[in-house]
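Containing mmCIF, C-alpha atoms: input-v6.cif.
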data_my_file
#
loop_
_atom_site.label_atom_id
_atom_site.label_comp_id
_atom_site.auth_asym_id
_atom_site.auth_seq_id
_atom_site.Cartn_x
_atom_site.Cartn_y
_atom_site.Cartn_z
CA MET G 1438 -68.93 -21.76 13.81
CA THR G 1439 -65.89 -19.48 13.42
CA GLU G 1440 -63.26 -20.02 10.76
CA ASP G 1441 -60.77 -21.19 13.43
CA LEU G 1442 -63.23 -23.76 14.73
CA LYS G 1443 -63.89 -25.00 11.20
CA ILE G 1444 -60.17 -25.51 10.67
CA SER G 1445 -59.83 -27.25 14.06
CA ALA G 1446 -62.77 -29.54 13.35
CA THR G 1447 -61.45 -30.38 9.90
CA ARG G 1448 -58.04 -31.17 11.30
CA ARG G 1449 -59.52 -33.40 13.99
CA SER G 1450 -61.61 -35.26 11.42
CA VAL G 1451 -58.63 -35.91 9.20
CA LEU G 1452 -56.44 -37.03 12.09
CA LEU G 1453 -59.19 -39.22 13.50
CA GLY G 1454 -59.80 -40.92 10.18
CA THR G 1455 -56.11 -41.60 9.77
CA ALA G 1456 -55.67 -42.82 13.34
CA LEU G 1457 -58.41 -45.38 12.88
CA ALA G 1458 -56.39 -46.77 10.00
CA GLY G 1459 -53.42 -47.14 12.32
CA ALA G 1460 -51.33 -44.20 11.10
CA ALA G 1461 -50.89 -40.51 11.83
CA THR G 1462 -51.30 -37.44 9.66
CA LEU G 1463 -48.64 -34.97 8.69
CA THR G 1464 -49.97 -31.44 8.72
CA GLY G 1465 -48.47 -28.30 7.32
CA SER G 1466 -51.67 -26.73 6.09
CA MET G 1467 -54.78 -28.85 6.22
CA ALA G 1468 -55.19 -28.67 2.47
CA ALA G 1469 -51.88 -30.48 2.09
CA ALA G 1470 -52.47 -33.03 4.85
CA ALA G 1471 -51.67 -36.60 3.83
CA PRO G 1472 -51.53 -39.82 5.83
CA LEU G 1473 -48.24 -41.50 6.57
CA ALA G 1474 -47.41 -44.70 4.75
CA ARG G 1475 -49.16 -47.65 6.38
CA PRO G 1476 -47.03 -50.46 7.81
CA ALA G 1477 -46.94 -53.62 5.75
CA ARG G 1478 -49.01 -55.43 8.36
CA PRO G 1479 -51.29 -53.02 10.28
CA ALA G 1480 -51.25 -53.91 13.97
CA MET G 1481 -54.76 -53.22 15.22
CA ALA G 1482 -55.15 -56.08 17.69
CA MET G 1483 -54.97 -53.68 20.65
CA SER G 1484 -57.72 -51.38 19.37
CA PRO G 1485 -61.05 -51.84 21.20
CA ASP G 1486 -64.26 -52.72 19.41
CA THR G 1487 -66.05 -49.49 18.47
CA LYS G 1488 -69.46 -50.93 19.52
CA VAL G 1489 -68.10 -51.64 23.00
CA THR G 1490 -66.64 -48.16 23.34
CA ARG G 1491 -69.93 -46.65 22.18
CA VAL G 1492 -71.83 -48.57 24.88
CA GLN G 1493 -69.25 -47.46 27.45
CA ALA G 1494 -69.70 -43.84 26.38
CA GLU G 1495 -73.46 -44.18 26.86
CA GLN G 1496 -72.94 -45.64 30.34
CA ILE G 1497 -70.57 -42.82 31.27
CA ALA G 1498 -73.12 -40.24 30.11
CA LYS G 1499 -75.77 -41.80 32.36
CA ALA G 1500 -73.54 -42.23 35.43
CA ALA G 1501 -74.14 -40.13 38.54
CA PRO G 1502 -71.53 -37.41 39.12
CA ALA G 1503 -68.80 -38.14 41.64
CA ASP G 1504 -69.39 -36.78 45.13
CA LEU G 1505 -66.40 -34.51 45.70
CA SER G 1506 -67.88 -32.60 48.61
CA GLY G 1507 -65.37 -32.02 51.37
CA TYR G 1508 -62.31 -32.60 49.19
CA GLU G 1509 -59.61 -29.93 49.31
CA ARG G 1510 -57.97 -29.03 46.00
CA VAL G 1511 -54.19 -28.74 45.86
CA LYS G 1512 -51.76 -28.28 42.98
CA LEU G 1513 -48.76 -30.52 42.43
CA GLU G 1514 -45.98 -28.69 40.63
CA LEU G 1515 -44.29 -31.24 38.40
CA VAL G 1516 -40.53 -31.07 37.85
CA GLN G 1517 -38.11 -32.47 35.30
CA PRO G 1518 -36.56 -35.93 35.87
CA PRO G 1519 -34.49 -37.20 37.64
CA PHE G 1520 -36.00 -35.01 40.35
CA ALA G 1521 -39.24 -35.46 42.29
CA PRO G 1522 -41.90 -32.86 43.11
CA LYS G 1523 -42.24 -31.58 46.67
CA HIS G 1524 -44.48 -33.90 48.65
CA GLU G 1525 -45.27 -35.35 52.06
CA GLN G 1526 -44.08 -38.87 52.82
CA VAL G 1527 -46.92 -39.23 55.32
CA ALA G 1528 -50.18 -37.62 54.25
CA SER G 1529 -51.59 -34.85 56.41
CA GLY G 1530 -55.35 -34.59 56.62
CA SER G 1531 -57.94 -36.36 54.52
CA PRO G 1532 -57.67 -37.32 50.81
CA LYS G 1533 -57.41 -34.44 48.36
CA ILE G 1534 -57.97 -33.60 44.72
CA VAL G 1535 -54.45 -33.18 43.35
CA GLU G 1536 -54.38 -31.02 40.25
CA ILE G 1537 -51.58 -31.48 37.72
CA GLU G 1538 -50.94 -30.18 34.23
CA MET G 1539 -49.04 -31.82 31.40
CA THR G 1540 -48.34 -30.61 27.89
CA VAL G 1541 -47.54 -32.96 25.04
CA GLU G 1542 -44.35 -31.93 23.27
CA GLU G 1543 -43.09 -33.51 20.08
CA ARG G 1544 -39.43 -32.54 19.97
CA LEU G 1545 -36.38 -33.49 17.95
CA THR G 1546 -33.94 -34.96 20.47
CA VAL G 1547 -30.33 -36.12 20.10
CA ILE G 1548 -30.02 -39.37 22.02
CA ASP G 1549 -26.34 -40.07 21.34
CA GLU G 1550 -24.00 -37.15 20.77
CA ASP G 1551 -21.17 -39.44 19.63
CA THR G 1552 -23.13 -40.75 16.64
CA GLY G 1553 -25.60 -37.91 16.24
CA ALA G 1554 -28.48 -40.37 16.51
CA SER G 1555 -31.72 -38.44 16.99
CA ILE G 1556 -35.43 -39.06 17.27
CA TRP G 1557 -38.62 -37.05 17.23
CA ALA G 1558 -39.40 -37.80 20.86
CA MET G 1559 -43.01 -37.89 22.02
CA THR G 1560 -43.00 -36.40 25.52
CA TYR G 1561 -45.07 -35.28 28.45
CA ASN G 1562 -43.74 -31.87 29.55
CA GLY G 1563 -40.75 -32.17 27.27
CA SER G 1564 -38.83 -34.92 29.07
CA VAL G 1565 -38.11 -38.64 28.64
CA PRO G 1566 -39.39 -40.04 30.93
CA GLY G 1567 -42.39 -37.85 31.67
CA PRO G 1568 -42.40 -36.17 35.09
CA LEU G 1569 -42.83 -38.19 38.25
CA ILE G 1570 -46.28 -37.74 39.79
CA ILE G 1571 -46.62 -38.27 43.56
CA VAL G 1572 -49.93 -38.54 45.43
CA HIS G 1573 -51.30 -40.58 48.33
CA GLN G 1574 -53.72 -43.48 48.31
CA ASP G 1575 -57.35 -42.34 48.01
CA ASP G 1576 -56.36 -38.95 46.59
CA TYR G 1577 -57.93 -37.94 43.31
CA VAL G 1578 -55.58 -37.10 40.46
CA GLU G 1579 -57.03 -34.41 38.19
CA LEU G 1580 -54.93 -34.02 35.06
CA THR G 1581 -55.25 -31.30 32.45
CA LEU G 1582 -53.58 -32.64 29.30
CA ARG G 1583 -52.82 -30.25 26.43
CA SER G 1584 -51.47 -30.70 22.91
CA PRO G 1585 -50.24 -27.51 21.20
CA SER G 1586 -51.40 -26.82 17.66
CA THR G 1587 -47.78 -27.16 16.51
CA ASN G 1588 -47.87 -30.92 17.19
CA GLN G 1589 -48.50 -33.39 14.39
CA LEU G 1590 -50.03 -36.48 16.02
CA GLU G 1591 -52.85 -37.73 18.20
CA HIS G 1592 -52.00 -38.40 21.86
CA ASN G 1593 -53.61 -39.62 25.08
CA ILE G 1594 -52.57 -41.11 28.44
CA ASP G 1595 -53.04 -44.51 30.07
CA PHE G 1596 -52.46 -44.54 33.85
CA HIS G 1597 -51.71 -48.03 35.18
CA ALA G 1598 -52.66 -46.64 38.59
CA SER G 1599 -56.26 -45.94 37.55
CA THR G 1600 -59.41 -48.00 37.10
CA GLY G 1601 -61.53 -48.13 33.93
CA ALA G 1602 -61.59 -46.78 30.34
CA LEU G 1603 -58.23 -48.26 29.35
CA GLY G 1604 -56.51 -46.49 32.24
CA GLY G 1605 -58.04 -43.22 31.12
CA GLY G 1606 -56.70 -43.74 27.63
CA GLY G 1607 -60.25 -44.09 26.29
CA LEU G 1608 -61.21 -40.66 27.67
CA THR G 1609 -58.15 -38.56 26.84
CA HIS G 1610 -57.63 -38.72 23.06
CA ILE G 1611 -56.60 -35.26 21.95
CA TYR G 1612 -55.40 -33.80 18.67
CA PRO G 1613 -53.18 -30.78 18.01
CA GLY G 1614 -54.73 -27.67 19.50
CA GLU G 1615 -56.90 -29.55 22.02
CA GLU G 1616 -56.92 -30.20 25.75
CA THR G 1617 -58.81 -32.56 28.05
CA VAL G 1618 -59.27 -33.04 31.80
CA LEU G 1619 -59.28 -36.50 33.43
CA ARG G 1620 -59.90 -37.24 37.10
CA PHE G 1621 -59.33 -40.65 38.72
CA LYS G 1622 -59.08 -41.97 42.24
CA ALA G 1623 -55.73 -43.47 43.25
CA THR G 1624 -57.11 -46.53 45.01
CA LYS G 1625 -53.95 -48.65 45.05
CA ALA G 1626 -50.67 -47.78 46.77
CA GLY G 1627 -47.57 -48.38 44.69
CA LEU G 1628 -45.51 -47.34 41.73
CA PHE G 1629 -47.12 -47.40 38.30
CA THR G 1630 -46.26 -46.62 34.71
CA TYR G 1631 -48.22 -44.18 32.59
CA HIS G 1632 -47.88 -43.92 28.82
CA CYS G 1633 -49.48 -42.82 25.58
CA ALA G 1634 -51.76 -45.41 23.95
CA PRO G 1635 -53.59 -44.00 20.91
CA GLY G 1636 -54.46 -47.47 19.57
CA GLY G 1637 -53.03 -50.19 17.35
CA ALA G 1638 -49.43 -49.87 16.24
CA MET G 1639 -49.42 -46.29 17.50
CA ILE G 1640 -49.18 -47.64 21.06
CA PRO G 1641 -45.67 -49.11 20.81
CA TYR G 1642 -44.70 -46.34 18.39
CA HIS G 1643 -45.40 -43.62 20.97
CA VAL G 1644 -44.04 -45.59 23.94
CA CYS G 1645 -40.81 -46.35 22.09
CA HIS G 1646 -40.49 -42.67 21.20
CA GLY G 1647 -40.33 -41.77 24.90
CA MET G 1648 -43.96 -41.11 25.81
CA ASN G 1649 -44.08 -42.72 29.25
CA GLY G 1650 -43.44 -41.97 32.89
CA ALA G 1651 -44.27 -43.02 36.45
CA ILE G 1652 -46.71 -42.15 39.21
CA MET G 1653 -46.04 -42.99 42.87
CA VAL G 1654 -49.08 -43.52 45.07
CA LEU G 1655 -47.80 -43.51 48.64
CA PRO G 1656 -49.68 -45.18 51.49
CA ARG G 1657 -51.29 -42.42 53.57
CA ASP G 1658 -49.14 -43.40 56.56
CA GLY G 1659 -45.96 -43.71 54.47
CA LEU G 1660 -43.68 -46.56 53.49
CA LYS G 1661 -43.04 -49.41 55.95
CA ASP G 1662 -40.95 -52.53 56.30
CA ARG G 1663 -42.46 -55.99 56.70
CA ASP G 1664 -42.81 -55.47 60.47
CA GLY G 1665 -44.71 -52.22 60.07
CA ASN G 1666 -41.81 -49.94 61.00
CA PRO G 1667 -41.73 -46.65 59.09
CA LEU G 1668 -39.23 -46.21 56.28
CA ARG G 1669 -38.11 -42.71 55.33
CA TYR G 1670 -36.00 -41.47 52.44
CA ASP G 1671 -33.96 -38.29 52.12
CA GLU G 1672 -33.93 -38.09 48.33
CA ILE G 1673 -35.57 -39.57 45.26
CA ALA G 1674 -33.71 -40.49 42.10
CA TYR G 1675 -36.23 -40.99 39.30
CA ILE G 1676 -34.84 -43.08 36.46
CA GLY G 1677 -36.76 -43.86 33.29
CA GLU G 1678 -35.31 -46.62 31.13
CA GLN G 1679 -36.08 -46.09 27.46
CA ASP G 1680 -35.60 -48.46 24.54
CA TYR G 1681 -35.30 -46.81 21.11
CA TYR G 1682 -35.47 -48.44 17.69
CA LEU G 1683 -33.89 -46.04 15.21
CA PRO G 1684 -34.10 -46.79 11.47
CA LYS G 1685 -30.80 -46.89 9.57
CA ASP G 1686 -29.67 -46.29 6.00
CA ALA G 1687 -28.16 -49.11 3.96
CA ASP G 1688 -24.70 -48.04 5.16
CA GLY G 1689 -25.76 -48.26 8.81
CA THR G 1690 -26.15 -44.51 9.39
CA TYR G 1691 -29.06 -43.47 11.57
CA LYS G 1692 -31.73 -41.78 9.49
CA THR G 1693 -33.06 -38.28 10.20
CA TYR G 1694 -36.56 -36.95 9.60
CA ASP G 1695 -38.02 -33.50 9.11
CA ASN G 1696 -41.19 -33.90 11.19
CA ALA G 1697 -42.65 -35.93 14.01
CA GLY G 1698 -44.32 -38.98 12.50
CA ASP G 1699 -42.20 -39.09 9.34
CA ASP G 1700 -40.43 -42.21 10.62
CA TYR G 1701 -43.64 -44.14 11.37
CA ALA G 1702 -43.41 -46.98 8.84
CA GLU G 1703 -39.63 -47.39 9.12
CA SER G 1704 -39.77 -47.29 12.92
CA LEU G 1705 -42.33 -50.09 12.94
CA ASP G 1706 -40.01 -52.16 10.75
CA ALA G 1707 -37.16 -51.54 13.21
CA MET G 1708 -39.39 -52.30 16.21
CA ARG G 1709 -40.49 -55.64 14.75
CA THR G 1710 -36.91 -56.89 15.14
CA LEU G 1711 -37.38 -56.57 18.94
CA THR G 1712 -33.75 -55.41 18.99
CA PRO G 1713 -33.29 -51.88 20.32
CA THR G 1714 -30.57 -49.67 18.90
CA HIS G 1715 -30.36 -47.82 22.23
CA VAL G 1716 -31.37 -48.60 25.81
CA VAL G 1717 -30.82 -45.45 27.84
CA PHE G 1718 -31.70 -43.80 31.12
CA ASN G 1719 -33.63 -40.52 31.07
CA GLY G 1720 -33.82 -40.12 27.35
CA ALA G 1721 -30.26 -40.17 26.07
CA VAL G 1722 -26.85 -41.80 26.35
CA GLY G 1723 -25.01 -40.14 29.24
CA ALA G 1724 -28.06 -38.28 30.54
CA LEU G 1725 -27.14 -39.29 34.12
CA THR G 1726 -23.33 -39.57 33.93
CA GLY G 1727 -20.40 -37.16 33.93
CA GLY G 1728 -21.50 -33.64 34.80
CA LYS G 1729 -25.12 -34.83 34.84
CA ALA G 1730 -24.51 -37.57 37.44
CA LEU G 1731 -26.84 -37.89 40.40
CA ARG G 1732 -25.40 -36.45 43.63
CA SER G 1733 -25.74 -37.66 47.21
CA GLU G 1734 -23.88 -37.98 50.50
CA VAL G 1735 -22.79 -40.72 52.86
CA GLY G 1736 -25.62 -41.37 55.31
CA LYS G 1737 -28.35 -40.21 52.93
CA THR G 1738 -31.13 -42.66 52.08
CA VAL G 1739 -32.17 -42.58 48.43
CA LEU G 1740 -35.34 -44.03 46.95
CA MET G 1741 -34.41 -45.10 43.42
CA ILE G 1742 -37.56 -45.21 41.28
CA HIS G 1743 -37.17 -47.16 38.04
CA ASN G 1744 -39.73 -47.03 35.23
CA GLN G 1745 -39.67 -49.30 32.16
CA ALA G 1746 -42.78 -49.03 30.02
CA ASN G 1747 -41.87 -51.65 27.43
CA ARG G 1748 -39.10 -54.15 28.25
CA ASP G 1749 -37.93 -56.17 31.26
CA SER G 1750 -34.96 -54.72 33.12
CA ARG G 1751 -32.55 -55.75 35.89
CA PRO G 1752 -31.40 -52.70 37.87
CA HIS G 1753 -28.23 -53.04 39.93
CA LEU G 1754 -26.31 -50.51 42.00
CA ILE G 1755 -22.59 -51.30 41.62
CA GLY G 1756 -21.03 -50.79 45.04
CA GLY G 1757 -24.35 -50.82 46.88
CA HIS G 1758 -27.50 -52.85 47.37
CA GLY G 1759 -31.25 -52.67 47.53
CA ASP G 1760 -31.78 -52.37 51.28
CA TYR G 1761 -35.54 -52.41 50.67
CA VAL G 1762 -36.97 -53.24 47.26
CA TRP G 1763 -40.52 -53.00 45.94
CA GLU G 1764 -39.75 -55.00 42.82
CA SER G 1765 -43.34 -55.17 41.56
CA GLY G 1766 -44.05 -51.60 42.65
CA SER G 1767 -46.76 -52.64 45.11
CA PHE G 1768 -46.53 -50.82 48.45
CA THR G 1769 -49.29 -53.09 49.79
CA ASP G 1770 -46.74 -55.92 49.84
CA ALA G 1771 -43.77 -56.04 52.21
CA PRO G 1772 -40.52 -54.96 50.56
CA GLN G 1773 -37.82 -57.46 49.78
CA THR G 1774 -34.53 -56.81 51.56
CA GLY G 1775 -30.83 -56.93 50.79
CA LEU G 1776 -31.07 -57.54 47.05
CA GLU G 1777 -28.04 -57.27 44.77
CA THR G 1778 -30.10 -56.96 41.57
CA TRP G 1779 -33.85 -56.57 41.18
CA PHE G 1780 -36.31 -57.12 38.36
CA ILE G 1781 -38.58 -54.54 36.76
CA ARG G 1782 -41.18 -56.06 34.49
CA GLY G 1783 -41.85 -54.34 31.19
CA GLY G 1784 -44.82 -52.02 31.61
CA SER G 1785 -44.19 -51.33 35.29
CA ALA G 1786 -42.25 -49.25 37.78
CA GLY G 1787 -40.48 -50.34 40.94
CA ALA G 1788 -38.23 -48.89 43.60
CA ALA G 1789 -35.23 -49.68 45.75
CA MET G 1790 -34.13 -47.85 48.89
CA TYR G 1791 -30.46 -47.63 49.84
CA THR G 1792 -28.44 -45.69 52.42
CA PHE G 1793 -25.01 -44.77 51.06
CA LYS G 1794 -22.14 -45.88 53.29
CA GLN G 1795 -19.06 -44.94 51.28
CA PRO G 1796 -18.13 -41.92 49.17
CA GLY G 1797 -17.21 -42.18 45.51
CA VAL G 1798 -18.86 -43.10 42.24
CA TYR G 1799 -21.60 -45.73 42.14
CA ALA G 1800 -22.80 -47.02 38.79
CA TYR G 1801 -26.52 -47.73 38.54
CA VAL G 1802 -27.00 -50.04 35.56
CA ASN G 1803 -29.29 -52.41 33.78
CA HIS G 1804 -27.40 -55.60 34.61
CA ASN G 1805 -27.81 -56.86 31.11
CA LEU G 1806 -24.28 -55.51 30.81
CA ILE G 1807 -24.44 -55.45 27.02
CA GLU G 1808 -27.24 -52.92 27.29
CA ALA G 1809 -25.46 -51.05 30.07
CA ALA G 1810 -22.05 -50.77 28.39
CA LEU G 1811 -22.92 -50.80 24.69
CA LEU G 1812 -26.44 -49.39 24.41
CA GLY G 1813 -26.40 -46.73 27.12
CA ALA G 1814 -28.28 -48.04 30.20
CA THR G 1815 -25.95 -46.54 32.82
CA ALA G 1816 -26.29 -43.81 35.44
CA HIS G 1817 -23.81 -42.60 38.06
CA PHE G 1818 -24.25 -41.50 41.65
CA VAL G 1819 -21.45 -39.26 42.93
CA VAL G 1820 -21.47 -39.55 46.72
CA ASP G 1821 -19.63 -37.17 49.05
CA GLY G 1822 -18.35 -38.10 52.50
CA GLU G 1823 -15.55 -39.82 54.41
CA TRP G 1824 -14.18 -43.24 53.50
CA ASP G 1825 -14.62 -46.11 55.98
CA ASN G 1826 -11.78 -48.66 55.86
CA ASN G 1827 -13.85 -50.99 58.05
CA LEU G 1828 -16.10 -51.55 55.04
CA MET G 1829 -13.41 -51.68 52.34
CA GLU G 1830 -9.68 -51.14 52.18
CA GLN G 1831 -7.07 -51.51 49.49
CA VAL G 1832 -4.53 -53.55 51.43
CA VAL G 1833 -1.92 -53.59 48.65
CA ALA G 1834 -1.91 -51.27 45.67
CA PRO G 1835 -1.29 -52.93 42.28
CA ARG G 1836 2.41 -53.82 41.92
CA THR G 1837 4.62 -56.01 39.84
CA SER G 1838 4.38 -59.64 40.83
CA GLU G 1839 7.57 -61.64 41.27
CA THR G 1840 5.99 -64.84 39.98
#
Can you turn what I pasted into structure tokens?
Amino acid sequence: MTEDLKISATRRSVLLGTALAGAATLTGSMAAAAPLARPARPAMAMSPDTKVTRVQAEQIAKAAPADLSGYERVKLELVQPPFAPKHEQVASGSPKIVEIEMTVEERLTVIDEDTGASIWAMTYNGSVPGPLIIVHQDDYVELTLRSPSTNQLEHNIDFHASTGALGGGGLTHIYPGEETVLRFKATKAGLFTYHCAPGGAMIPYHVCHGMNGAIMVLPRDGLKDRDGNPLRYDEIAYIGEQDYYLPKDADGTYKTYDNAGDDYAESLDAMRTLTPTHVVFNGAVGALTGGKALRSEVGKTVLMIHNQANRDSRPHLIGGHGDYVWESGSFTDAPQTGLETWFIRGGSAGAAMYTFKQPGVYAYVNHNLIEAALLGATAHFVVDGEWDNNLMEQVVAPRTSET
């Protein structure tokens, strides 16, 4: 064993021992490594029984290898939200093995420039939400997940679209300086959340620090209405709604921390209030407004994908509608039509399709308007085109009333 491997093994052992206690380890040099303060009431109810996981590992070791003969391998190049990777709406050919790569990044992120509020965000590929993954039903997703040695904490990934081993979470635990490869078959068509789930209190801690995203599994013959007619979109707007729980000083100032994980105990205290300090789209207040607003044109059909890994939400497009809505995310079910506001359950993703009919600014909000206006859950679409007075007209401009 080389000296580097000895250091890596030691680091993994220390992190593993700490993780089992429900906390992470801060590491500068391994000799100085020390566990974070434990929460007052360790939350381990979501951690599986070690005997059960041991039996599962034995069963996995004995299982016959998957028959992948005849499958073509393709690479999906992931992109930063709110954009979507290049893809086919209707699959060509037979199911494929879709290779993707994600790197865990722990990064200090300002989430509100007005107050300077910041958080050590836990991210996949550096963004909140993590990148949108798009495959077709019956494709295999083959993920290479890496964690640079500069990270501090343990990470993994739980795909709600997958089957078995805690959504893959049980097979993807990695520590700084490690990587793993997971392959699963996308058997169900729909929109699904993915998120980090290391175990115990670390599950909500990582999710509420931004470590979540969405995967869209399209039917092989594309989206359809309830009568089986094809539905096509021109653009995708990928919106991840994120609730943050930032600790504050006695005077109400948001606290800052030197390293990822330093806020663990105080974040858990803030999270137990169930009252978020921020509810934002795509990681930060104003991430999708002003100069960062989403752009479209009259006549374009946009598929608005909404992911919320933790709390219920009520998306609404001010000035538009949900022409077709997959509220639960299931493409197996017929879409609802003509909705003014739709419901996204916590821990799920859904979508609404709308064809813009008027130019101007459309506000896409969580229609808990307190969260939209005060906590940050607002995005804007800026739509180009010609105005249609048949749809709306200002008959009289505001003027002084004689009464």
What are the closest atom pairs, with distances in Å to one decimal, for each residue of segment 1649-1710 of chain G lying within 10 Å of segment 1812-1836 of chain G, using only C-alpha atoms, rows by chain and rising residue number, as JSON lines?
{"residue": "G:Ala1674", "atom": "CA", "partner": "G:Phe1818", "partner_atom": "CA", "distance": 9.5}
{"residue": "G:Ile1676", "atom": "CA", "partner": "G:Ala1816", "partner_atom": "CA", "distance": 8.6}
{"residue": "G:Gly1677", "atom": "CA", "partner": "G:Ala1814", "partner_atom": "CA", "distance": 9.9}
{"residue": "G:Glu1678", "atom": "CA", "partner": "G:Ala1814", "partner_atom": "CA", "distance": 7.2}
{"residue": "G:Gln1679", "atom": "CA", "partner": "G:Ala1814", "partner_atom": "CA", "distance": 8.5}
{"residue": "G:Asp1680", "atom": "CA", "partner": "G:Leu1812", "partner_atom": "CA", "distance": 9.2}
{"residue": "G:Tyr1681", "atom": "CA", "partner": "G:Leu1812", "partner_atom": "CA", "distance": 9.8}
Rows by chain and residue number, segment 1529-1570 of chain G within 12 Å of segment 1620-1625 of chain G, shortest pair, only C-alpha atoms, as CSV:
residue,atom,partner,partner_atom,distance
G:Pro1532,CA,G:Lys1622,CA,9.9
G:Lys1533,CA,G:Lys1622,CA,9.8
G:Ile1534,CA,G:Arg1620,CA,8.7
G:Val1535,CA,G:Arg1620,CA,9.2
G:Glu1536,CA,G:Arg1620,CA,8.9
G:Ile1537,CA,G:Arg1620,CA,10.1
G:Glu1538,CA,G:Arg1620,CA,11.8
G:Ile1570,CA,G:Ala1623,CA,11.6
Quick one: everything within 10 Å of Asp1664 of chain G, counting all atoms listed in the file, minus sequence neighbours fewer than 3 positions away in the same chain. Send it as a short mmCIF file (atom, residue, chain, number, x, y, z; two decimals) with C-alpha atoms, keeping the file's coordinate frame.
data_model
loop_
_atom_site.label_atom_id
_atom_site.label_comp_id
_atom_site.auth_asym_id
_atom_site.auth_seq_id
_atom_site.Cartn_x
_atom_site.Cartn_y
_atom_site.Cartn_z
CA LYS G 1661 -43.04 -49.41 55.95
CA PRO G 1667 -41.73 -46.65 59.09
CA ALA G 1771 -43.77 -56.04 52.21
#
Within 10 Å of Ala1809 of chain G, counting all atoms listed in the file, which residues show up once you throw out same-chain ones fewer than 3 positions away? Write them as a PyMOL selection string, please.
chain G and resi 1715-1718+1752+1800-1806+1812-1816
If we count all atoms listed in the file, what is near Gly1605 of chain G at a cut-off of 12 Å, once residues fewer than 2 positions away on the same chain are taken out, given as an MDAnalysis selection string?
chainID G and resid 1578:1580 1582 1593:1603 1607:1610 1617:1622 1631:1635
So which residues get picked by the PyMOL selection byres ((chain G and resi 1517) around 12) here, written as number ranges by chain?
G: 1514-1516, 1518-1522, 1539, 1560-1570, 1650, 1674-1677, 1719-1720
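Here atom CA of Lys1512 of chain G stands at a distance of 10.8 Å from atom CA of His1524 of chain G.
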